[in-house]
$ cat run11.cif   # mmCIF, C-alpha atoms
data_run
#
loop_
_atom_site.group_PDB
_atom_site.id
_atom_site.type_symbol
_atom_site.label_atom_id
_atom_site.label_comp_id
_atom_site.auth_asym_id
_atom_site.auth_seq_id
_atom_site.Cartn_x
_atom_site.Cartn_y
_atom_site.Cartn_z
ATOM 1 C CA MET A 1 85.411 -90.001 -19.053
ATOM 2 C CA SER A 2 84.528 -88.383 -15.719
ATOM 3 C CA GLU A 3 87.987 -89.225 -14.354
ATOM 4 C CA GLY A 4 89.608 -87.451 -17.308
ATOM 5 C CA ILE A 5 87.476 -84.351 -16.729
ATOM 6 C CA ALA A 6 88.311 -84.410 -13.014
ATOM 7 C CA ASP A 7 92.052 -84.699 -13.761
ATOM 8 C CA GLU A 8 91.834 -81.821 -16.229
ATOM 9 C CA HIS A 9 89.925 -79.705 -13.708
ATOM 10 C CA GLN A 10 92.510 -80.505 -11.011
ATOM 11 C CA GLY A 11 95.313 -79.561 -13.414
ATOM 12 C CA THR A 12 93.602 -76.233 -14.129
ATOM 13 C CA ASN A 13 93.276 -75.514 -10.404
ATOM 14 C CA ASP A 14 96.943 -76.344 -9.820
ATOM 15 C CA LEU A 15 97.940 -74.048 -12.684
ATOM 16 C CA SER A 16 95.815 -71.195 -11.340
ATOM 17 C CA VAL A 17 97.457 -71.560 -7.919
ATOM 18 C CA LEU A 18 100.900 -71.506 -9.527
ATOM 19 C CA GLU A 19 99.933 -68.439 -11.529
ATOM 20 C CA LYS A 20 98.607 -66.701 -8.423
ATOM 21 C CA PHE A 21 101.909 -67.368 -6.654
ATOM 22 C CA GLN A 22 103.847 -66.381 -9.816
ATOM 23 C CA VAL A 23 105.847 -69.633 -9.899
ATOM 24 C CA GLN A 24 104.315 -71.307 -12.959
ATOM 25 C CA SER A 25 107.593 -71.347 -14.910
ATOM 26 C CA PRO A 26 111.330 -70.917 -14.260
ATOM 27 C CA GLU A 27 111.181 -67.417 -15.743
ATOM 28 C CA MET A 28 108.310 -66.412 -13.458
ATOM 29 C CA ILE A 29 110.115 -67.873 -10.439
ATOM 30 C CA LEU A 30 113.181 -65.816 -11.332
ATOM 31 C CA TRP A 31 111.120 -62.626 -11.641
ATOM 32 C CA THR A 32 109.418 -63.349 -8.323
ATOM 33 C CA ILE A 33 112.791 -63.737 -6.602
ATOM 34 C CA LEU A 34 114.149 -60.599 -8.270
ATOM 35 C CA TYR A 35 111.070 -58.625 -7.225
ATOM 36 C CA SER A 36 111.517 -59.858 -3.660
ATOM 37 C CA LEU A 37 115.166 -58.805 -3.576
ATOM 38 C CA LEU A 38 114.304 -55.431 -5.075
ATOM 39 C CA GLY A 39 111.582 -54.989 -2.464
ATOM 40 C CA VAL A 40 114.007 -55.942 0.324
ATOM 41 C CA GLY A 41 116.536 -53.380 -0.895
ATOM 42 C CA ILE A 42 113.957 -50.599 -1.130
ATOM 43 C CA TYR A 43 112.527 -51.519 2.270
ATOM 44 C CA ILE A 44 115.942 -51.248 3.910
ATOM 45 C CA LEU A 45 116.742 -47.944 2.196
ATOM 46 C CA ILE A 46 113.446 -46.386 3.295
ATOM 47 C CA GLU A 47 113.904 -47.676 6.849
ATOM 48 C CA LEU A 48 117.210 -45.803 6.974
ATOM 49 C CA ILE A 49 115.384 -42.501 6.458
ATOM 50 C CA PRO A 50 114.272 -41.053 9.829
ATOM 51 C CA MET A 51 110.498 -40.668 9.852
ATOM 52 C CA PRO A 52 109.047 -38.171 12.346
ATOM 53 C CA TYR A 53 106.236 -39.350 14.560
ATOM 54 C CA THR A 54 104.438 -38.184 17.673
ATOM 55 C CA MET A 55 103.631 -40.283 20.711
ATOM 56 C CA VAL A 56 100.398 -39.483 22.550
ATOM 57 C CA SER A 57 100.212 -41.799 25.535
ATOM 58 C CA LEU A 58 100.583 -45.282 23.965
ATOM 59 C CA PHE A 59 99.564 -44.171 20.477
ATOM 60 C CA ALA A 60 102.056 -43.319 17.737
ATOM 61 C CA PHE A 61 101.057 -40.887 14.994
ATOM 62 C CA GLY A 62 103.079 -40.684 11.805
ATOM 63 C CA PHE A 63 103.900 -42.772 8.774
ATOM 64 C CA ALA A 64 106.069 -45.830 8.197
ATOM 65 C CA PRO A 65 106.449 -45.909 4.390
ATOM 66 C CA ALA A 66 108.614 -49.037 4.430
ATOM 67 C CA LEU A 67 105.574 -51.087 5.430
ATOM 68 C CA ALA A 68 103.853 -50.083 2.206
ATOM 69 C CA ILE A 69 106.770 -51.553 0.233
ATOM 70 C CA ILE A 70 106.000 -54.990 1.668
ATOM 71 C CA ALA A 71 102.368 -54.633 0.623
ATOM 72 C CA ILE A 72 102.981 -53.400 -2.912
ATOM 73 C CA VAL A 73 105.458 -56.153 -3.709
ATOM 74 C CA GLY A 74 102.727 -58.599 -2.776
ATOM 75 C CA ALA A 75 100.140 -56.660 -4.773
ATOM 76 C CA ILE A 76 102.263 -56.534 -7.926
ATOM 77 C CA ARG A 77 104.138 -59.816 -7.797
ATOM 78 C CA GLY A 78 102.038 -62.125 -5.646
ATOM 79 C CA PRO A 79 101.990 -63.591 -2.128
ATOM 80 C CA ILE A 80 105.388 -65.320 -2.196
ATOM 81 C CA ALA A 81 107.196 -62.134 -3.218
ATOM 82 C CA GLY A 82 105.302 -60.182 -0.551
ATOM 83 C CA LEU A 83 106.111 -62.776 2.101
ATOM 84 C CA LEU A 84 109.818 -62.818 1.228
ATOM 85 C CA THR A 85 110.031 -59.024 1.141
ATOM 86 C CA GLY A 86 108.473 -58.629 4.583
ATOM 87 C CA TYR A 87 110.460 -61.459 6.132
ATOM 88 C CA LEU A 88 113.884 -60.767 4.612
ATOM 89 C CA GLY A 89 113.517 -56.973 4.673
ATOM 90 C CA THR A 90 112.845 -56.742 8.407
ATOM 91 C CA LEU A 91 115.299 -59.540 9.231
ATOM 92 C CA LEU A 92 118.213 -58.113 7.242
ATOM 93 C CA TYR A 93 117.561 -54.583 8.463
ATOM 94 C CA ASP A 94 117.822 -55.630 12.113
ATOM 95 C CA LEU A 95 120.751 -57.923 11.390
ATOM 96 C CA LEU A 96 122.755 -55.330 9.440
ATOM 97 C CA PHE A 97 122.085 -52.268 11.571
ATOM 98 C CA TYR A 98 121.356 -53.654 15.036
ATOM 99 C CA SER A 99 123.180 -57.005 14.858
ATOM 100 C CA THR A 100 120.210 -58.699 16.496
ATOM 101 C CA VAL A 101 117.807 -61.462 15.522
ATOM 102 C CA VAL A 102 114.932 -62.124 17.898
ATOM 103 C CA GLY A 103 112.362 -64.843 18.433
ATOM 104 C CA MET A 104 113.951 -67.350 16.027
ATOM 105 C CA THR A 105 113.105 -64.842 13.238
ATOM 106 C CA LEU A 106 109.364 -65.442 13.747
ATOM 107 C CA PRO A 107 108.522 -61.738 14.336
ATOM 108 C CA TYR A 108 110.107 -60.977 10.969
ATOM 109 C CA LEU A 109 108.043 -63.687 9.330
ATOM 110 C CA ALA A 110 104.965 -61.988 10.777
ATOM 111 C CA TYR A 111 105.748 -58.929 8.646
ATOM 112 C CA GLY A 112 105.801 -61.195 5.620
ATOM 113 C CA VAL A 113 102.156 -62.016 6.335
ATOM 114 C CA LEU A 114 101.290 -58.450 5.302
ATOM 115 C CA GLY A 115 102.702 -58.993 1.815
ATOM 116 C CA PHE A 116 101.235 -62.487 1.607
ATOM 117 C CA VAL A 117 97.670 -61.356 2.389
ATOM 118 C CA VAL A 118 97.809 -58.464 -0.075
ATOM 119 C CA GLY A 119 99.248 -60.751 -2.735
ATOM 120 C CA LEU A 120 96.324 -63.186 -2.579
ATOM 121 C CA ALA A 121 94.095 -60.818 -4.578
ATOM 122 C CA SER A 122 94.439 -59.405 -8.083
ATOM 123 C CA TYR A 123 94.467 -55.692 -8.805
ATOM 124 C CA ASP A 124 94.039 -53.283 -11.690
ATOM 125 C CA MET A 125 96.443 -50.444 -10.976
ATOM 126 C CA THR A 126 94.419 -48.097 -13.200
ATOM 127 C CA ASN A 127 91.105 -48.769 -11.412
ATOM 128 C CA GLY A 128 90.129 -46.781 -8.332
ATOM 129 C CA ARG A 129 87.969 -49.515 -6.812
ATOM 130 C CA SER A 130 90.792 -51.997 -7.207
ATOM 131 C CA LEU A 131 93.147 -49.633 -5.404
ATOM 132 C CA VAL A 132 90.615 -49.280 -2.581
ATOM 133 C CA LYS A 133 90.534 -53.087 -2.339
ATOM 134 C CA MET A 134 94.332 -53.017 -2.091
ATOM 135 C CA SER A 135 94.138 -50.485 0.744
ATOM 136 C CA VAL A 136 91.613 -52.574 2.661
ATOM 137 C CA LEU A 137 93.575 -55.822 2.247
ATOM 138 C CA SER A 138 96.758 -54.004 3.264
ATOM 139 C CA ALA A 139 95.047 -52.934 6.476
ATOM 140 C CA VAL A 140 93.733 -56.465 7.078
ATOM 141 C CA GLY A 141 97.166 -57.950 6.415
ATOM 142 C CA PHE A 142 98.808 -55.510 8.806
ATOM 143 C CA VAL A 143 96.326 -56.302 11.563
ATOM 144 C CA PHE A 144 97.245 -59.989 11.197
ATOM 145 C CA THR A 145 100.916 -59.003 11.288
ATOM 146 C CA VAL A 146 100.540 -57.037 14.513
ATOM 147 C CA LEU A 147 98.531 -59.803 16.167
ATOM 148 C CA LEU A 148 101.218 -62.324 15.243
ATOM 149 C CA VAL A 149 103.985 -60.057 16.548
ATOM 150 C CA VAL A 150 102.159 -59.706 19.868
ATOM 151 C CA VAL A 151 101.399 -63.431 20.164
ATOM 152 C CA ILE A 152 105.022 -64.308 19.367
ATOM 153 C CA GLY A 153 106.171 -61.812 21.992
ATOM 154 C CA LEU A 154 103.826 -63.293 24.576
ATOM 155 C CA THR A 155 104.807 -66.905 23.878
ATOM 156 C CA LEU A 156 108.513 -66.700 23.027
ATOM 157 C CA GLY A 157 109.624 -63.418 24.528
ATOM 158 C CA GLY A 158 107.901 -63.733 27.869
ATOM 159 C CA VAL A 159 106.287 -60.334 27.403
ATOM 160 C CA SER A 160 103.342 -59.626 29.675
ATOM 161 C CA THR A 161 99.907 -59.142 28.147
ATOM 162 C CA LEU A 162 99.681 -55.492 29.220
ATOM 163 C CA VAL A 163 103.102 -54.718 27.759
ATOM 164 C CA GLY A 164 102.263 -56.562 24.534
ATOM 165 C CA ILE A 165 99.044 -54.631 24.070
ATOM 166 C CA GLY A 166 100.141 -51.247 25.382
ATOM 167 C CA PHE A 167 103.711 -50.949 24.120
ATOM 168 C CA VAL A 168 103.617 -53.146 21.020
ATOM 169 C CA MET A 169 100.117 -53.496 19.588
ATOM 170 C CA LEU A 170 98.818 -49.944 20.024
ATOM 171 C CA PRO A 171 101.886 -48.095 18.679
ATOM 172 C CA LEU A 172 102.219 -50.502 15.741
ATOM 173 C CA LEU A 173 98.552 -50.237 14.793
ATOM 174 C CA THR A 174 98.315 -46.459 15.065
ATOM 175 C CA ILE A 175 101.399 -45.797 12.959
ATOM 176 C CA GLY A 176 101.150 -48.796 10.634
ATOM 177 C CA LEU A 177 97.491 -48.843 9.607
ATOM 178 C CA PRO A 178 97.456 -45.320 8.101
ATOM 179 C CA SER A 179 100.775 -46.061 6.397
ATOM 180 C CA VAL A 180 99.643 -49.189 4.593
ATOM 181 C CA PHE A 181 96.115 -47.914 3.919
ATOM 182 C CA PHE A 182 97.088 -44.617 2.300
ATOM 183 C CA LEU A 183 100.589 -45.222 0.951
ATOM 184 C CA THR A 184 100.233 -48.714 -0.526
ATOM 185 C CA PRO A 185 97.977 -47.774 -3.481
ATOM 186 C CA LEU A 186 99.983 -44.607 -4.098
ATOM 187 C CA PHE A 187 103.312 -46.462 -4.204
ATOM 188 C CA ALA A 188 101.822 -49.345 -6.163
ATOM 189 C CA ARG A 189 100.488 -47.047 -8.894
ATOM 190 C CA LEU A 190 103.865 -45.334 -9.173
ATOM 191 C CA TRP A 191 105.844 -48.599 -9.168
ATOM 192 C CA TYR A 192 103.527 -50.198 -11.716
ATOM 193 C CA ALA A 193 103.871 -47.207 -14.060
ATOM 194 C CA VAL A 194 107.667 -47.321 -13.848
ATOM 195 C CA MET A 195 107.807 -51.078 -14.429
ATOM 196 C CA LEU A 196 105.323 -50.865 -17.293
ATOM 197 C CA LYS A 197 107.559 -48.365 -19.052
ATOM 198 C CA PHE A 198 110.990 -49.819 -18.364
ATOM 199 C CA MET A 199 110.510 -53.504 -17.420
ATOM 200 C CA PRO A 200 107.141 -54.740 -18.708
ATOM 201 C CA LYS A 201 108.276 -58.382 -18.690
ATOM 202 C CA ALA A 202 108.619 -58.189 -14.905
ATOM 203 C CA LEU A 203 104.888 -57.609 -14.505
ATOM 204 C CA PRO A 204 102.509 -60.551 -13.971
ATOM 205 C CA GLN A 205 101.256 -61.980 -17.222
#

$ encode --input "run11.cif" --output "structure tokens"
Amino acid sequence: MSEGIADEHQGTNDLSVLEKFQVQSPEMILWTILYSLLGVGIYILIELIPMPYTMVSLFAFGFAPALAIIAIVGAIRGPIAGLLTGYLGTLLYDLLFYSTVVGMTLPYLAYGVLGFVVGLASYDMTNGRSLVKMSVLSAVGFVFTVLLVVVIGLTLGGVSTLVGIGFVMLPLLTIGLPSVFFLTPLFARLWYAVMLKFMPKALPQ
């Protein structure tokens, strides 16, 4: 009897994990892939738009809206979609427009961590507190992303510690944190409203 209850409990946990990752059925897997590809396309298009910023010493002040796209795909469609959007978006952008791939694609995977972290939680796009939680997790996810980018640069790229901190970490943090913190909930609310009206089946069930 106890073994049957344990098996049922294990099956429920497995199902909840699959639901969290939005891969519990072939249809959900398809939507997750489509969301990822849509996020990649939007990321690349936004990256093509020149965004003004100001450098003050080693600090960069401005916005990088494309980063928020990675986060909102994770927030709306789950961690796998967020991971794929960050990884493929940054990878394809550099490959298509700079013809370069660095660090065995690991720095690009680091950007996927942003979407993955945000996608681990659930959100109510109509609730202010939930949107604040999204902002905070976006900031946390981006900090992990920047740390990974720096560590990968130090280990694979032979970058010195001072260069990694001064010319990589500080500019990325000062321009990226405000972008994901303020723009992610704004974009997510807008995207959710559009999808709810035109493609409700694409939203998590």

$ residues_around --input "run11.cif" --residues "stretch 89-97 of chain A" --least-positions-apart "4" --cutoff "10 Å" --atoms "only C-alpha atoms" --output "MDAnalysis selection string"
chainID A and resid 36:45 47:48 66:67 69:70 83:85 101:102 105:112

$ resolve_selection --input "run11.cif" --expression "the PyMOL selection byres ((chain A and resi 150-157) around 9)" --output "PyMOL selection string"
chain A and resi 102-104+106-107+110+145-149+158-161+164-165+168-169

$ resolve_selection --input "run11.cif" --expression "the PyMOL selection byres ((chain A and resi 174) around 10)" --output "count of residues only"
17

$ atom_distance --input "run11.cif" --atom1 "atom CA of A:Ala75" --atom2 "atom CA of A:Tyr192"
10.1 Å

$ residues_around --input "run11.cif" --residues "A:Gln22" --least-positions-apart "3" --cutoff "12 Å" --atoms "all atoms listed in the file" --output "ChimeraX atom specification"
/A:15-19,25-36,74-82,119-120,122,202-205

$ decode --input "run11.cif" --residues "stretch 85-169 of chain A" --atoms "C-alpha atoms" --output "compact mmCIF listing (two decimals), in the first residue's frame"
# COMPACT_ATOMS: atom_id res chain seq x y z
CA THR A 85 16.00 32.06 -26.26
CA GLY A 86 19.04 33.40 -24.42
CA TYR A 87 21.41 30.82 -25.85
CA LEU A 88 20.23 30.78 -29.47
CA GLY A 89 19.42 34.50 -29.60
CA THR A 90 22.90 35.66 -28.59
CA LEU A 91 24.62 32.89 -30.56
CA LEU A 92 22.76 33.50 -33.82
CA TYR A 93 23.09 37.27 -33.51
CA ASP A 94 26.88 37.07 -33.26
CA LEU A 95 27.06 34.38 -35.92
CA LEU A 96 24.87 36.23 -38.44
CA PHE A 97 26.18 39.75 -37.96
CA TYR A 98 29.74 39.29 -36.70
CA SER A 99 30.53 35.82 -38.08
CA THR A 100 32.10 34.86 -34.77
CA VAL A 101 31.44 32.22 -32.13
CA VAL A 102 33.52 32.42 -28.97
CA GLY A 103 34.29 30.19 -26.03
CA MET A 104 32.71 27.04 -27.51
CA THR A 105 29.36 28.91 -27.29
CA LEU A 106 29.50 28.84 -23.47
CA PRO A 107 29.16 32.64 -23.06
CA TYR A 108 25.94 32.44 -25.07
CA LEU A 109 24.68 29.65 -22.85
CA ALA A 110 25.31 31.95 -19.89
CA TYR A 111 22.68 34.34 -21.28
CA GLY A 112 20.26 31.44 -21.34
CA VAL A 113 20.65 31.19 -17.57
CA LEU A 114 18.77 34.49 -17.29
CA GLY A 115 15.70 33.01 -18.96
CA PHE A 116 16.06 29.74 -17.08
CA VAL A 117 16.11 31.38 -13.64
CA VAL A 118 13.12 33.60 -14.40
CA GLY A 119 11.23 30.62 -15.79
CA LEU A 120 11.53 28.61 -12.58
CA ALA A 121 8.79 30.67 -10.89
CA SER A 122 5.14 31.19 -11.78
CA TYR A 123 3.64 34.61 -12.36
CA ASP A 124 0.27 36.32 -12.55
CA MET A 125 0.66 38.98 -15.22
CA THR A 126 -2.27 40.95 -13.76
CA ASN A 127 -0.82 41.06 -10.22
CA GLY A 128 1.60 43.79 -9.20
CA ARG A 129 3.39 41.73 -6.56
CA SER A 130 3.91 38.94 -9.06
CA LEU A 131 5.45 41.40 -11.50
CA VAL A 132 7.77 42.65 -8.76
CA LYS A 133 8.82 39.04 -8.16
CA MET A 134 9.54 38.76 -11.89
CA SER A 135 11.71 41.89 -11.74
CA VAL A 136 13.69 40.57 -8.78
CA LEU A 137 14.25 37.13 -10.33
CA SER A 138 15.25 38.79 -13.61
CA ALA A 139 17.90 40.75 -11.73
CA VAL A 140 19.08 37.61 -9.91
CA GLY A 141 19.21 35.66 -13.17
CA PHE A 142 21.20 38.40 -14.86
CA VAL A 143 23.72 38.53 -12.03
CA PHE A 144 24.28 34.78 -12.49
CA THR A 145 24.63 35.38 -16.23
CA VAL A 146 27.28 38.06 -15.79
CA LEU A 147 29.22 35.98 -13.28
CA LEU A 148 29.22 33.05 -15.69
CA VAL A 149 30.35 35.25 -18.58
CA VAL A 150 33.25 36.55 -16.49
CA VAL A 151 34.24 33.09 -15.22
CA ILE A 152 34.13 31.68 -18.76
CA GLY A 153 36.28 34.58 -19.95
CA LEU A 154 38.80 33.99 -17.18
CA THR A 155 39.03 30.23 -17.75
CA LEU A 156 38.64 29.85 -21.52
CA GLY A 157 39.53 33.26 -22.89
CA GLY A 158 42.61 33.90 -20.81
CA VAL A 159 41.21 37.25 -19.71
CA SER A 160 42.87 38.77 -16.66
CA THR A 161 40.85 39.24 -13.49
CA LEU A 162 41.06 43.04 -13.64
CA VAL A 163 39.92 43.10 -17.26
CA GLY A 164 37.09 40.66 -16.52
CA ILE A 165 35.81 42.75 -13.65
CA GLY A 166 36.49 46.22 -15.04
CA PHE A 167 35.66 45.84 -18.73
CA VAL A 168 33.13 43.01 -18.66
CA MET A 169 31.37 42.70 -15.31
